[in-house]
file run_32.tsv (TSV, C-alpha atoms)
chain	number	residue	atom	x	y	z
S	1	MET	CA	67.81	26.37	56.69
S	2	ASP	CA	70.12	23.33	56.67
S	3	PHE	CA	73.67	24.33	57.68
S	4	ILE	CA	75.18	21.12	56.25
S	5	GLU	CA	73.70	21.89	52.83
S	6	LEU	CA	75.26	25.35	52.97
S	7	LEU	CA	78.65	23.81	53.72
S	8	LYS	CA	78.23	21.57	50.69
S	9	ALA	CA	77.44	24.68	48.64
S	10	VAL	CA	80.73	26.18	49.83
S	11	VAL	CA	82.67	23.19	48.50
S	12	ILE	CA	80.80	23.21	45.19
S	13	GLY	CA	81.35	26.95	44.84
S	14	LEU	CA	85.06	26.44	45.48
S	15	VAL	CA	85.30	23.75	42.80
S	16	GLU	CA	83.37	25.92	40.33
S	17	GLY	CA	85.52	28.97	41.02
S	18	VAL	CA	88.75	27.07	40.38
S	19	THR	CA	87.78	24.83	37.49
S	20	GLU	CA	85.74	27.34	35.49
S	21	TRP	CA	88.84	29.32	34.54
S	22	LEU	CA	91.62	26.75	34.60
S	23	PRO	CA	91.48	24.54	31.48
S	24	VAL	CA	90.73	21.38	33.48
S	25	SER	CA	86.95	20.89	32.98
S	26	SER	CA	84.51	21.93	35.67
S	27	THR	CA	82.19	19.09	34.55
S	28	GLY	CA	84.77	16.39	35.28
S	29	HIS	CA	85.27	17.76	38.77
S	30	MET	CA	81.55	18.23	39.40
S	31	ILE	CA	80.86	14.59	38.53
S	32	ILE	CA	83.28	13.47	41.24
S	33	VAL	CA	82.13	16.09	43.75
S	34	ASP	CA	78.48	15.19	43.21
S	35	ASP	CA	79.23	11.55	43.97
S	36	PHE	CA	80.82	12.44	47.31
S	37	ILE	CA	78.91	15.58	48.27
S	38	THR	CA	75.30	15.23	47.19
S	39	LEU	CA	72.99	18.15	47.83
S	40	HIS	CA	69.57	17.12	49.11
S	41	VAL	CA	67.71	19.12	46.53
S	42	SER	CA	65.41	18.40	43.62
S	43	GLU	CA	66.81	17.34	40.25
S	44	ALA	CA	65.38	20.51	38.72
S	45	PHE	CA	67.20	22.69	41.24
S	46	TRP	CA	70.52	20.82	40.84
S	47	SER	CA	70.42	21.23	37.07
S	48	LEU	CA	69.67	24.94	37.50
S	49	PHE	CA	72.29	25.41	40.23
S	50	LEU	CA	75.13	23.99	38.12
S	51	VAL	CA	74.53	26.71	35.55
S	52	VAL	CA	73.52	29.68	37.68
S	53	ILE	CA	76.47	29.28	40.06
S	54	GLN	CA	78.56	30.46	37.11
S	55	LEU	CA	77.19	33.98	37.67
S	56	GLY	CA	79.60	34.36	40.57
S	57	ALA	CA	82.49	33.30	38.36
S	58	ILE	CA	81.45	35.76	35.63
S	59	LEU	CA	81.25	38.60	38.13
S	60	ALA	CA	84.90	37.99	39.01
S	61	VAL	CA	85.95	38.60	35.38
S	62	ILE	CA	83.83	41.74	35.15
S	63	ILE	CA	85.35	43.24	38.28
S	64	LEU	CA	88.95	42.25	37.55
S	65	TYR	CA	88.79	43.56	34.00
S	66	PHE	CA	86.23	46.32	34.49
S	67	ARG	CA	88.39	49.18	33.27
S	68	ARG	CA	89.71	47.11	30.37
S	69	LEU	CA	86.19	46.18	29.28
S	70	ASN	CA	84.47	49.50	29.98
S	71	PRO	CA	84.30	51.54	26.74
S	72	PHE	CA	82.82	54.53	28.57
S	73	SER	CA	85.59	54.99	31.13
S	74	PRO	CA	86.42	58.71	31.46
S	75	ARG	CA	90.07	57.73	31.90
S	76	LYS	CA	90.22	56.37	28.36
S	77	SER	CA	91.09	58.37	25.28
S	78	LEU	CA	88.89	58.25	22.19
S	79	VAL	CA	91.25	55.75	20.59
S	80	GLN	CA	91.16	53.53	23.67
S	81	ARG	CA	87.36	53.64	23.74
S	82	ARG	CA	87.19	52.59	20.11
S	83	THR	CA	89.64	49.79	20.83
S	84	THR	CA	87.43	48.57	23.69
S	85	LEU	CA	84.30	48.68	21.53
S	86	ARG	CA	86.19	46.76	18.86
S	87	LEU	CA	87.13	44.17	21.49
S	88	TRP	CA	83.47	43.74	22.45
S	89	ALA	CA	82.59	43.36	18.77
S	90	LYS	CA	85.14	40.55	18.46
S	91	VAL	CA	83.75	38.89	21.59
S	92	LEU	CA	80.20	39.01	20.21
S	93	VAL	CA	81.32	37.62	16.85
S	94	ALA	CA	83.09	34.76	18.63
S	95	CYS	CA	79.96	34.03	20.69
S	96	VAL	CA	77.68	33.48	17.70
S	97	PRO	CA	78.73	29.86	16.94
S	98	ALA	CA	78.34	28.75	20.56
S	99	ALA	CA	74.96	30.47	20.87
S	100	VAL	CA	73.63	28.70	17.78
S	101	ILE	CA	75.08	25.27	18.59
S	102	GLY	CA	74.11	25.54	22.26
S	103	LEU	CA	70.48	26.41	21.58
S	104	LEU	CA	70.12	23.66	18.97
S	105	PHE	CA	72.02	20.76	20.48
S	106	ASP	CA	72.73	21.33	24.21
S	107	ASP	CA	69.84	19.19	25.50
S	108	TRP	CA	70.66	16.40	23.04
S	109	PHE	CA	74.34	16.32	23.97
S	110	GLU	CA	73.49	16.38	27.69
S	111	GLU	CA	71.09	13.46	27.23
S	112	HIS	CA	73.45	11.30	25.19
S	113	PHE	CA	76.95	12.25	26.30
S	114	PHE	CA	76.72	13.39	29.92
S	115	ASN	CA	78.34	10.30	31.38
S	116	ALA	CA	81.61	9.27	32.99
S	117	PHE	CA	83.02	7.65	29.85
S	118	THR	CA	82.59	10.75	27.67
S	119	VAL	CA	84.00	13.02	30.36
S	120	ALA	CA	87.02	10.77	30.93
S	121	VAL	CA	87.79	10.50	27.20
S	122	ALA	CA	87.44	14.27	26.72
S	123	LEU	CA	89.68	14.98	29.71
S	124	VAL	CA	92.43	12.71	28.43
S	125	ALA	CA	92.12	13.71	24.75
S	126	TYR	CA	92.37	17.42	25.46
S	127	GLY	CA	95.11	16.81	28.00
S	128	VAL	CA	97.20	15.15	25.30
S	129	ALA	CA	96.33	17.98	22.89
S	130	PHE	CA	97.55	20.62	25.37
S	131	ILE	CA	100.86	18.81	25.84
S	132	VAL	CA	101.42	18.36	22.11
S	133	ILE	CA	100.49	21.94	21.17
S	134	GLU	CA	102.58	23.50	23.94
S	135	ARG	CA	105.63	21.43	22.97
S	136	ILE	CA	105.21	22.44	19.34
S	137	LYS	CA	104.88	26.09	20.40
S	138	ALA	CA	107.85	26.00	22.79
S	139	PRO	CA	110.74	28.29	21.72
S	140	ALA	CA	113.71	26.37	20.32
S	141	GLY	CA	116.08	25.19	23.02
S	142	ARG	CA	113.71	26.00	25.88
S	143	SER	CA	111.59	23.87	28.15
S	144	PRO	CA	107.89	24.09	27.19
S	145	ALA	CA	106.89	24.00	30.84
S	146	ARG	CA	108.79	27.07	31.92
S	147	VAL	CA	109.73	30.37	30.32
S	148	ARG	CA	112.00	32.45	32.49
S	149	GLY	CA	114.88	34.86	32.17
S	150	ALA	CA	114.76	37.61	29.58
S	151	HIS	CA	111.59	36.24	28.03
S	152	ALA	CA	109.69	36.33	31.30
S	153	ARG	CA	110.91	39.86	32.00
S	154	ALA	CA	110.05	41.21	28.59
S	155	PRO	CA	107.36	43.87	28.34
S	156	ARG	CA	103.70	42.95	28.08
S	157	ALA	CA	102.66	41.40	24.84
S	158	GLY	CA	101.08	44.56	23.49
S	159	ALA	CA	103.88	45.05	21.01
S	160	GLY	CA	102.74	41.99	19.08
S	161	ALA	CA	104.99	39.46	20.76
S	162	GLY	CA	103.73	36.36	22.51
S	163	VAL	CA	104.26	35.54	26.14
S	164	ASP	CA	105.82	32.23	25.24
S	165	GLY	CA	109.03	33.21	23.54
S	166	ARG	CA	107.90	36.79	23.00
S	167	GLY	CA	107.34	36.62	19.31
S	168	SER	CA	106.65	32.93	18.67
S	169	ASP	CA	102.96	33.70	18.09
S	170	PRO	CA	101.51	36.17	15.57
S	171	VAL	CA	98.97	37.49	18.09
S	172	GLY	CA	100.48	38.53	21.41
S	173	ASP	CA	97.67	40.76	22.67
S	174	VAL	CA	93.88	40.58	22.61
S	175	ASP	CA	93.66	44.04	21.02
S	176	ARG	CA	95.64	42.71	18.04
S	177	LEU	CA	93.30	39.77	17.57
S	178	GLY	CA	91.48	39.98	14.23
S	179	PHE	CA	87.81	39.17	13.65
S	180	GLY	CA	88.71	36.07	11.63
S	181	ARG	CA	90.71	34.51	14.44
S	182	ALA	CA	88.06	35.60	16.96
S	183	LEU	CA	85.39	33.74	15.00
S	184	CYS	CA	87.63	30.66	14.79
S	185	VAL	CA	88.11	30.72	18.58
S	186	GLY	CA	84.32	30.89	18.83
S	187	LEU	CA	84.09	27.76	16.70
S	188	PHE	CA	86.51	25.98	19.04
S	189	GLN	CA	84.28	27.07	21.93
S	190	CYS	CA	81.49	24.97	20.42
S	191	LEU	CA	83.51	21.87	21.31
S	192	ALA	CA	82.73	22.59	24.96
S	193	ILE	CA	79.23	21.24	24.37
S	194	VAL	CA	80.82	17.80	24.89
S	195	PRO	CA	81.02	17.19	28.68
S	196	GLY	CA	84.57	17.08	29.99
S	197	THR	CA	85.97	19.27	27.25
S	198	SER	CA	86.00	22.52	29.29
S	199	ARG	CA	84.88	25.84	27.82
S	200	SER	CA	88.10	27.56	28.84
S	201	GLY	CA	90.10	24.54	27.71
S	202	SER	CA	88.61	24.48	24.21
S	203	THR	CA	88.94	28.23	23.66
S	204	ILE	CA	92.49	28.44	25.03
S	205	LEU	CA	93.61	25.40	23.05
S	206	GLY	CA	91.96	26.81	19.95
S	207	GLY	CA	93.70	30.12	20.51
S	208	ARG	CA	97.08	28.46	20.85
S	209	ILE	CA	96.54	26.49	17.62
S	210	LEU	CA	95.58	29.72	15.87
S	211	GLY	CA	98.79	31.46	16.92
S	212	ILE	CA	97.53	33.42	19.91
S	213	SER	CA	99.88	33.79	22.89
S	214	ARG	CA	99.03	32.14	26.20
S	215	GLU	CA	98.12	35.37	27.94
S	216	ALA	CA	95.98	36.66	25.08
S	217	ALA	CA	94.26	33.28	24.63
S	218	ALA	CA	93.42	33.12	28.34
S	219	GLU	CA	92.14	36.70	28.46
S	220	PHE	CA	89.97	36.27	25.37
S	221	SER	CA	88.59	33.07	26.91
S	222	PHE	CA	87.65	35.06	30.02
S	223	PHE	CA	85.94	37.76	27.97
S	224	LEU	CA	84.02	35.21	25.89
S	225	ALA	CA	82.62	33.75	29.11
S	226	ILE	CA	80.73	36.95	29.97
S	227	PRO	CA	78.02	36.86	27.27
S	228	VAL	CA	78.06	33.07	26.88
S	229	MET	CA	77.77	32.12	30.54
S	230	PHE	CA	75.60	35.07	31.52
S	231	GLY	CA	73.23	34.42	28.63
S	232	TRP	CA	73.04	30.69	29.38
S	233	SER	CA	72.41	31.32	33.09
S	234	LEU	CA	69.68	33.83	32.26
S	235	LEU	CA	68.06	31.37	29.87
S	236	LYS	CA	68.09	28.66	32.53
S	237	LEU	CA	66.56	31.02	35.09
S	238	VAL	CA	63.78	32.09	32.73
S	239	ARG	CA	63.03	28.50	31.80
S	240	ALA	CA	63.03	27.36	35.43
S	241	PHE	CA	60.99	30.12	37.04
S	242	LEU	CA	58.70	31.26	34.22
S	243	LEU	CA	58.17	28.13	32.15
S	244	ASP	CA	58.69	25.27	34.62
S	245	GLN	CA	57.56	27.44	37.55
S	246	ILE	CA	59.81	25.72	40.08
S	247	VAL	CA	59.56	26.88	43.69
S	248	LEU	CA	62.70	26.96	45.84
S	249	THR	CA	62.87	26.17	49.53
S	250	PRO	CA	64.67	28.52	51.95
S	251	THR	CA	67.61	26.09	51.99
S	252	GLU	CA	67.80	26.08	48.20
S	253	TRP	CA	67.85	29.90	48.15
S	254	GLY	CA	70.65	29.78	50.71
S	255	VAL	CA	72.57	27.25	48.61
S	256	PHE	CA	72.17	29.55	45.61
S	257	ALA	CA	73.55	32.55	47.46
S	258	VAL	CA	76.46	30.73	49.14
S	259	GLY	CA	77.49	28.95	45.95
S	260	ILE	CA	77.55	32.16	43.91
S	261	ILE	CA	79.45	34.15	46.55
S	262	VAL	CA	82.10	31.45	47.02
S	263	ALA	CA	82.43	30.93	43.27
S	264	PHE	CA	83.05	34.66	42.87
S	265	ALA	CA	85.71	34.88	45.59
S	266	VAL	CA	87.56	31.78	44.43
S	267	SER	CA	87.34	32.84	40.78
S	268	VAL	CA	89.18	36.08	41.57
S	269	VAL	CA	92.05	34.07	43.05
S	270	ALA	CA	92.00	31.47	40.24
S	271	ILE	CA	92.12	34.07	37.46
S	272	LYS	CA	94.98	35.96	39.10
S	273	PHE	CA	96.85	32.70	39.63
S	274	LEU	CA	96.40	31.56	36.02
S	275	MET	CA	97.53	34.86	34.51
S	276	GLY	CA	100.59	34.94	36.77
S	277	TYR	CA	101.40	31.29	36.11
S	278	ILE	CA	101.28	31.41	32.31
S	279	ARG	CA	103.62	34.38	32.16
S	280	GLN	CA	106.39	31.97	33.12
S	281	HIS	CA	104.97	28.53	32.34
S	282	SER	CA	103.13	26.71	29.59
S	283	PHE	CA	99.75	24.94	29.80
S	284	GLU	CA	101.48	21.56	29.72
S	285	ALA	CA	100.97	20.94	33.44
S	286	PHE	CA	97.21	21.33	32.96
S	287	GLY	CA	97.41	18.75	30.19
S	288	TRP	CA	98.99	16.20	32.50
S	289	TYR	CA	96.46	17.06	35.21
S	290	ARG	CA	93.60	16.41	32.79
S	291	ILE	CA	95.03	13.01	31.86
S	292	VAL	CA	95.31	12.02	35.52
S	293	LEU	CA	91.82	13.29	36.31
S	294	GLY	CA	90.39	11.43	33.32
S	295	ALA	CA	91.97	8.21	34.59
S	296	VAL	CA	90.59	8.89	38.07
S	297	VAL	CA	87.07	9.49	36.75
S	298	LEU	CA	87.23	6.34	34.63
S	299	GLY	CA	88.78	4.20	37.36
S	300	TYR	CA	86.48	5.39	40.12
S	301	PHE	CA	83.27	4.67	38.25
S	302	LEU	CA	84.57	1.31	37.04
S	303	ILE	CA	85.49	0.27	40.57
S	304	THR	CA	82.21	1.44	42.07
S	305	GLY	CA	80.16	-0.15	39.31
S	306	GLN	CA	78.53	3.15	38.39
S	307	PHE	CA	80.14	3.41	34.98
S	308	VAL	CA	77.73	4.28	32.15
call {"tool": "encode", "arguments": {"input": "run_32.tsv", "output": "structure tokens"}}
result
Amino acid sequence: MDFIELLKAVVIGLVEGVTEWLPVSSTGHMIIVDDFITLHVSEAFWSLFLVVIQLGAILAVIILYFRRLNPFSPRKSLVQRRTTLRLWAKVLVACVPAAVIGLLFDDWFEEHFFNAFTVAVALVAYGVAFIVIERIKAPAGRSPARVRGAHARAPRAGAGAGVDGRGSDPVGDVDRLGFGRALCVGLFQCLAIVPGTSRSGSTILGGRILGISREAAAEFSFFLAIPVMFGWSLLKLVRAFLLDQIVLTPTEWGVFAVGIIVAFAVSVVAIKFLMGYIRQHSFEAFGWYRIVLGAVVLGYFLITGQFV
């Protein structure tokens, strides 16, 4: 087993764990990482690894929100169990558009749009969108980048008030999210089929446009990832091992394991950081980061002559 390849898997797992949940596009980062840290594996394995490594990230959400998402918890009342089942129903409804679009068009979009130019444009475009939406949503007389004082100390958004301004958004808690808005967020999630868009970025941005508070939009984005990412990873595994019948080397199995474990550990930290950050700040900083990253992706591939 190649120790250097395992170290590369650690770096890739770290990038996946951070960028999967922050609205900054894991694809944009992976393009850069792959150019500097290339795993000596087959193309078939690399394509599979980029998807399956997400299992570690998904596990982080399941563990962090296990009680919230478990409808059979003995600690929950009958009303709370029904609320949890209703939440899962909304998640499944929101997943339908992405499942349909993904199955029909994913391979086509990957073939025609998985390139540095598309990723760079998507990074910048959504970066601008985040900045514009957050400034529109900012409470009057307050900085859109920071929400402190009485607003930051207000109770959790379960009373129907948003985190940003505590009342500036109609939906301040995931439990108050209706099926109509949930489906609309699912439609926004379909935009993530374009490389560089970011699944979390498209769903969070969609949620903000639809009047969902930062905290609720982020949480619903996390919950949507469970069936979407788990289902897509399972589909890739079935296709790879049963249909394509690929055979992995011991090093590739090790890369799998290390990547998933690191992605899980880093995802726990990233999710906790994001939820703590947006209680006092807007998503505007992520918008600026996306614009800078898009320029870096574009500039790097232009300079190196690899731009396609």
call {"tool": "atom_distance", "arguments": {"input": "run_32.tsv", "atom1": "CA of Asp173 in chain S", "atom2": "CA of Arg279 in chain S"}}
result
12.9 Å
call {"tool": "atom_distance", "arguments": {"input": "run_32.tsv", "atom1": "CA of Phe36 in chain S", "atom2": "CA of Leu48 in chain S"}}
result
19.4 Å
call {"tool": "atom_distance", "arguments": {"input": "run_32.tsv", "atom1": "CA of Leu183 in chain S", "atom2": "CA of Ile58 in chain S"}}
result
21.1 Å
call {"tool": "residues_around", "arguments": {"input": "run_32.tsv", "residues": "range 254-266 of chain S", "least_positions_apart": "2", "cutoff": "6 Å", "atoms": "all atoms listed in the file", "output": "list in words"}}
result
Leu6, Ala9, Val10, Gly13, Leu14, Glu16, Gly17, Ile53, Gly56, Ala57, Ala60, Thr251, Glu252, Val268 and Val269 of chain S
call {"tool": "residues_around", "arguments": {"input": "run_32.tsv", "residues": "Asn70 in chain S", "least_positions_apart": "5", "cutoff": "10 Å", "atoms": "all atoms listed in the file", "output": "PyMOL selection string"}}
result
chain S and resi 62+65+76+81+84-85+88
call {"tool": "closest_residue", "arguments": {"input": "run_32.tsv", "among": "S:Ala120, S:Phe114, S:Pro170, S:Ile4", "to": "Val292 in chain S", "atoms": "only C-alpha atoms"}}
result
S:Ala120
call {"tool": "residues_around", "arguments": {"input": "run_32.tsv", "residues": "Gln80 in chain S", "least_positions_apart": "3", "cutoff": "12 Å", "atoms": "only C-alpha atoms", "output": "list in words"}}
result
Arg67, Arg68, Leu69, Asn70, Pro71, Phe72, Ser73, Pro74, Arg75, Lys76, Ser77, Thr83, Thr84, Leu85, Arg86, Leu87 and Asp175 of chain S
call {"tool": "closest_residue", "arguments": {"input": "run_32.tsv", "among": "S:Phe223, S:Leu293, S:Val238, S:Met229", "to": "Leu64 in chain S", "atoms": "all atoms listed in the file"}}
result
S:Phe223
call {"tool": "closest_residue", "arguments": {"input": "run_32.tsv", "among": "S:Arg135, S:Arg290, S:Lys90, S:Arg176", "to": "Gly196 in chain S", "atoms": "all atoms listed in the file"}}
result
S:Arg290
call {"tool": "residues_around", "arguments": {"input": "run_32.tsv", "residues": "Glu20 in chain S", "least_positions_apart": "3", "cutoff": "9 Å", "atoms": "only C-alpha atoms", "output": "JSON, numbers by chain"}}
result
{"S": [15, 16, 17, 23, 24, 25, 26, 54, 57, 198, 199, 200, 267, 270]}
call {"tool": "closest_residue", "arguments": {"input": "run_32.tsv", "among": "S:Leu78, S:Leu224, S:Ala285, S:Met275", "to": "Val96 in chain S", "atoms": "all atoms listed in the file"}}
result
S:Leu224
call {"tool": "residues_near_point", "arguments": {"input": "run_32.tsv", "point": "(81.0, 6.3, 41.8)", "cutoff": "9 Å", "atoms": "all atoms listed in the file", "output": "tab-separated table (two decimals) with C-alpha atoms, in the frame of the given file"}}
result
chain	number	residue	atom	x	y	z
S	31	ILE	CA	80.86	14.59	38.53
S	32	ILE	CA	83.28	13.47	41.24
S	35	ASP	CA	79.23	11.55	43.97
S	36	PHE	CA	80.82	12.44	47.31
S	297	VAL	CA	87.07	9.49	36.75
S	300	TYR	CA	86.48	5.39	40.12
S	301	PHE	CA	83.27	4.67	38.25
S	302	LEU	CA	84.57	1.31	37.04
S	303	ILE	CA	85.49	0.27	40.57
S	304	THR	CA	82.21	1.44	42.07
S	305	GLY	CA	80.16	-0.15	39.31
S	306	GLN	CA	78.53	3.15	38.39
S	307	PHE	CA	80.14	3.41	34.98
call {"tool": "closest_residue", "arguments": {"input": "run_32.tsv", "among": "S:His281, S:His29, S:His40, S:His112", "to": "Lys8 in chain S", "atoms": "all atoms listed in the file"}}
result
S:His40
call {"tool": "residues_near_point", "arguments": {"input": "run_32.tsv", "point": "(98.7, 23.7, 28.8)", "cutoff": "10 Å", "atoms": "only C-alpha atoms", "output": "VMD selection string"}}
result
chain S and resid 22 to 24 126 to 135 144 to 145 201 204 to 205 208 214 278 281 to 290
call {"tool": "residues_around", "arguments": {"input": "run_32.tsv", "residues": "Cys95 in chain S", "least_positions_apart": "4", "cutoff": "12 Å", "atoms": "all atoms listed in the file", "output": "PyMOL selection string"}}
result
chain S and resi 88-91+99-102+179+182-190+199+203+220-221+223-232
call {"tool": "closest_residue", "arguments": {"input": "run_32.tsv", "among": "S:Leu177, S:Val194, S:Ala218, S:Leu298", "to": "Phe113 in chain S", "atoms": "all atoms listed in the file"}}
result
S:Val194
call {"tool": "build_atoms", "arguments": {"input": "run_32.tsv", "residues": "range 253-267 of chain S", "atoms": "N, CA and C atoms", "output": "short mmCIF file (atom, residue, chain, number, x, y, z; two decimals), in the frame of the given file"}}
result
data_model
loop_
_atom_site.label_atom_id
_atom_site.label_comp_id
_atom_site.auth_asym_id
_atom_site.auth_seq_id
_atom_site.Cartn_x
_atom_site.Cartn_y
_atom_site.Cartn_z
N TRP S 253 67.45 28.50 48.35
CA TRP S 253 67.85 29.90 48.15
C TRP S 253 69.19 30.17 48.81
N GLY S 254 69.38 29.60 50.00
CA GLY S 254 70.65 29.78 50.71
C GLY S 254 71.80 29.13 49.96
N VAL S 255 71.56 27.94 49.40
CA VAL S 255 72.57 27.25 48.61
C VAL S 255 72.94 28.08 47.39
N PHE S 256 71.95 28.66 46.74
CA PHE S 256 72.17 29.55 45.61
C PHE S 256 73.13 30.67 45.98
N ALA S 257 72.78 31.38 47.06
CA ALA S 257 73.55 32.55 47.46
C ALA S 257 74.98 32.18 47.85
N VAL S 258 75.13 31.15 48.67
CA VAL S 258 76.46 30.73 49.14
C VAL S 258 77.31 30.27 47.96
N GLY S 259 76.74 29.46 47.09
CA GLY S 259 77.49 28.95 45.95
C GLY S 259 78.00 30.07 45.05
N ILE S 260 77.16 31.05 44.78
CA ILE S 260 77.55 32.16 43.91
C ILE S 260 78.62 33.02 44.55
N ILE S 261 78.47 33.32 45.84
CA ILE S 261 79.45 34.15 46.55
C ILE S 261 80.82 33.48 46.60
N VAL S 262 80.83 32.19 46.95
CA VAL S 262 82.10 31.45 47.02
C VAL S 262 82.73 31.33 45.64
N ALA S 263 81.91 31.04 44.63
CA ALA S 263 82.43 30.93 43.27
C ALA S 263 83.08 32.24 42.84
N PHE S 264 82.48 33.36 43.21
CA PHE S 264 83.05 34.66 42.87
C PHE S 264 84.41 34.86 43.54
N ALA S 265 84.47 34.64 44.84
CA ALA S 265 85.71 34.88 45.59
C ALA S 265 86.84 33.98 45.09
N VAL S 266 86.54 32.72 44.88
CA VAL S 266 87.56 31.78 44.43
C VAL S 266 87.97 32.07 42.99
N SER S 267 87.03 32.51 42.17
CA SER S 267 87.34 32.84 40.78
C SER S 267 88.35 33.98 40.69
#
